[in-house]
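Trainee: First the structure, which I've put down as structure tokens, then a few questions once you've had a look.
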Amino acid sequence: MTRLIWPTCLLATLMPLPALADVELTLGPCVKVQAVQGSEQTAGSGESVTLADGTQQLVVECTAEIGREKVLETSDAFVVRFEAAETALTLSAPEIESRNQMDSFNHQGNWQLTDRQGREVAFTADVLEKEGFQLVRDYARELAAYNRSGSVAAVAVPELKTNQDGLLLDSHVDPDQEMVSRMLRYWYLKADEQTRKEWDSWVDSSNQ
């Protein structure tokens, strides 16, 4: 029995530690995601969003209970942009319990982005201004317009065009294939590790 211990320990030390895949962003209290990388995608407080490595751009809000009556109130929508790869992060907002605190948050946009060790991660935040009266906001369209404006939290985007359904598409890519690409990327990032492995295996076998 003793003879098996050292070889086992040696193998354990030689095996590489598993690396984090992509970016896992956990949402703190009150935080809600409305759009990710230009596409509408929702996630609420306590949930996690899986992002591909690289430049991240999200539309986020904070909904808090205000005053003694505990009335739910939602902050302005913010565009948050940051760089990240193979890591786990948490996006949170300060505690908001009053109208003054909500007004201050809307003005300052003092979000907090931290890693597992509680260290602050650099980011840029900016208000996504609401244009006119809207019963339901189209965050994807608003974000596309925001990016074209070159504002502080904007990201570079290719030339875009709109199809008959109002969907913004890359003008250099077949519209149907653009939609397929977005859907595949969305569901791949949503899948768990086992499902991703099965998908990767199927893709590899299809290319042989």
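Simple scheme: letters A, B, ... for chains in structure tokens order, numbers from 1 for residues in each chain, numbers from 1 for ligands in the order shown.
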Please identify all polymer residues within 6 Å of segment 52-65 of chain A, counting only C-alpha atoms, omitting same-chain residues fewer than 5 positions from it, and present them as a ChimeraX atom specification.
Mentor: /A:22,30-37,70-75,77-85
Trainee: Take the residues from that selection and write them out as a PDB file, in the first residue's frame, keeping N, CA and C atoms.
Mentor:
```
ATOM      1  N   ASP A  22     -12.938  30.811 -20.228  1.00  0.00           N
ATOM      2  CA  ASP A  22     -13.702  32.033 -20.426  1.00  0.00           C
ATOM      3  C   ASP A  22     -13.726  32.883 -19.142  1.00  0.00           C
ATOM      4  N   CYS A  30     -28.866  43.380  -6.265  1.00  0.00           N
ATOM      5  CA  CYS A  30     -29.564  44.427  -7.032  1.00  0.00           C
ATOM      6  C   CYS A  30     -29.153  44.494  -8.497  1.00  0.00           C
ATOM      7  N   VAL A  31     -28.075  43.826  -8.889  1.00  0.00           N
ATOM      8  CA  VAL A  31     -27.559  43.969 -10.250  1.00  0.00           C
ATOM      9  C   VAL A  31     -28.325  43.094 -11.235  1.00  0.00           C
ATOM     10  N   LYS A  32     -28.636  43.665 -12.382  1.00  0.00           N
ATOM     11  CA  LYS A  32     -29.293  42.914 -13.454  1.00  0.00           C
ATOM     12  C   LYS A  32     -28.635  43.260 -14.781  1.00  0.00           C
ATOM     13  N   VAL A  33     -28.329  42.239 -15.572  1.00  0.00           N
ATOM     14  CA  VAL A  33     -27.780  42.424 -16.914  1.00  0.00           C
ATOM     15  C   VAL A  33     -28.923  42.457 -17.918  1.00  0.00           C
ATOM     16  N   GLN A  34     -28.865  43.418 -18.839  1.00  0.00           N
ATOM     17  CA  GLN A  34     -29.883  43.542 -19.879  1.00  0.00           C
ATOM     18  C   GLN A  34     -29.354  43.184 -21.267  1.00  0.00           C
ATOM     19  N   ALA A  35     -28.055  43.311 -21.456  1.00  0.00           N
ATOM     20  CA  ALA A  35     -27.460  42.988 -22.763  1.00  0.00           C
ATOM     21  C   ALA A  35     -26.001  42.615 -22.573  1.00  0.00           C
ATOM     22  N   VAL A  36     -25.539  41.692 -23.422  1.00  0.00           N
ATOM     23  CA  VAL A  36     -24.155  41.240 -23.387  1.00  0.00           C
ATOM     24  C   VAL A  36     -23.602  41.252 -24.806  1.00  0.00           C
ATOM     25  N   GLN A  37     -22.498  41.936 -24.987  1.00  0.00           N
ATOM     26  CA  GLN A  37     -21.808  41.980 -26.280  1.00  0.00           C
ATOM     27  C   GLN A  37     -22.753  42.322 -27.432  1.00  0.00           C
ATOM     28  N   LYS A  70     -40.373  50.533   0.963  1.00  0.00           N
ATOM     29  CA  LYS A  70     -39.664  49.502   0.201  1.00  0.00           C
ATOM     30  C   LYS A  70     -40.161  49.439  -1.246  1.00  0.00           C
ATOM     31  N   VAL A  71     -40.247  50.601  -1.867  1.00  0.00           N
ATOM     32  CA  VAL A  71     -40.673  50.677  -3.252  1.00  0.00           C
ATOM     33  C   VAL A  71     -39.500  50.311  -4.160  1.00  0.00           C
ATOM     34  N   LEU A  72     -39.745  49.398  -5.097  1.00  0.00           N
ATOM     35  CA  LEU A  72     -38.677  49.005  -6.019  1.00  0.00           C
ATOM     36  C   LEU A  72     -38.426  50.120  -7.032  1.00  0.00           C
ATOM     37  N   GLU A  73     -37.180  50.481  -7.153  1.00  0.00           N
ATOM     38  CA  GLU A  73     -36.797  51.503  -8.122  1.00  0.00           C
ATOM     39  C   GLU A  73     -35.536  51.042  -8.843  1.00  0.00           C
ATOM     40  N   THR A  74     -35.510  51.278 -10.148  1.00  0.00           N
ATOM     41  CA  THR A  74     -34.390  50.842 -10.972  1.00  0.00           C
ATOM     42  C   THR A  74     -33.546  52.029 -11.399  1.00  0.00           C
ATOM     43  N   SER A  75     -32.254  51.848 -11.337  1.00  0.00           N
ATOM     44  CA  SER A  75     -31.322  52.904 -11.717  1.00  0.00           C
ATOM     45  C   SER A  75     -31.338  53.135 -13.224  1.00  0.00           C
ATOM     46  N   ALA A  77     -29.768  52.804 -16.899  1.00  0.00           N
ATOM     47  CA  ALA A  77     -29.031  51.713 -17.538  1.00  0.00           C
ATOM     48  C   ALA A  77     -27.608  52.197 -17.813  1.00  0.00           C
ATOM     49  N   PHE A  78     -26.634  51.369 -17.473  1.00  0.00           N
ATOM     50  CA  PHE A  78     -25.228  51.722 -17.668  1.00  0.00           C
ATOM     51  C   PHE A  78     -24.576  50.769 -18.657  1.00  0.00           C
ATOM     52  N   VAL A  79     -23.678  51.317 -19.458  1.00  0.00           N
ATOM     53  CA  VAL A  79     -22.801  50.497 -20.289  1.00  0.00           C
ATOM     54  C   VAL A  79     -21.507  50.297 -19.504  1.00  0.00           C
ATOM     55  N   VAL A  80     -21.139  49.045 -19.268  1.00  0.00           N
ATOM     56  CA  VAL A  80     -19.906  48.725 -18.544  1.00  0.00           C
ATOM     57  C   VAL A  80     -18.985  47.959 -19.484  1.00  0.00           C
ATOM     58  N   ARG A  81     -17.757  48.461 -19.613  1.00  0.00           N
ATOM     59  CA  ARG A  81     -16.778  47.828 -20.502  1.00  0.00           C
ATOM     60  C   ARG A  81     -15.501  47.522 -19.733  1.00  0.00           C
ATOM     61  N   PHE A  82     -14.954  46.317 -19.958  1.00  0.00           N
ATOM     62  CA  PHE A  82     -13.706  45.944 -19.310  1.00  0.00           C
ATOM     63  C   PHE A  82     -13.016  44.841 -20.101  1.00  0.00           C
ATOM     64  N   GLU A  83     -11.754  44.599 -19.777  1.00  0.00           N
ATOM     65  CA  GLU A  83     -10.975  43.532 -20.406  1.00  0.00           C
ATOM     66  C   GLU A  83     -10.791  42.409 -19.399  1.00  0.00           C
ATOM     67  N   ALA A  84     -10.978  41.168 -19.837  1.00  0.00           N
ATOM     68  CA  ALA A  84     -10.807  40.029 -18.927  1.00  0.00           C
ATOM     69  C   ALA A  84     -10.609  38.751 -19.727  1.00  0.00           C
ATOM     70  N   ALA A  85      -9.912  37.800 -19.107  1.00  0.00           N
ATOM     71  CA  ALA A  85      -9.693  36.496 -19.736  1.00  0.00           C
ATOM     72  C   ALA A  85      -9.426  35.453 -18.658  1.00  0.00           C
TER      73      ALA A  85
END
```
Trainee: DSSP on the backbone: which residues in segment 44-169 of chain A end up as strand (DSSP E or B)? Give the answer as number ranges by chain.
Mentor: A: 48-51, 54-66, 71-74, 78-84, 87-92, 112-115, 120, 124-127, 160-162, 168-169
Trainee: Would you compute the distance between atom CA of Asn110 of chain A and atom CA of Arg137 of chain A? Give it in Å to one decimal.
Mentor: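 We find that atom CA of Asn110 of chain A and atom CA of Arg137 of chain A lie 23.0 Å from each other.
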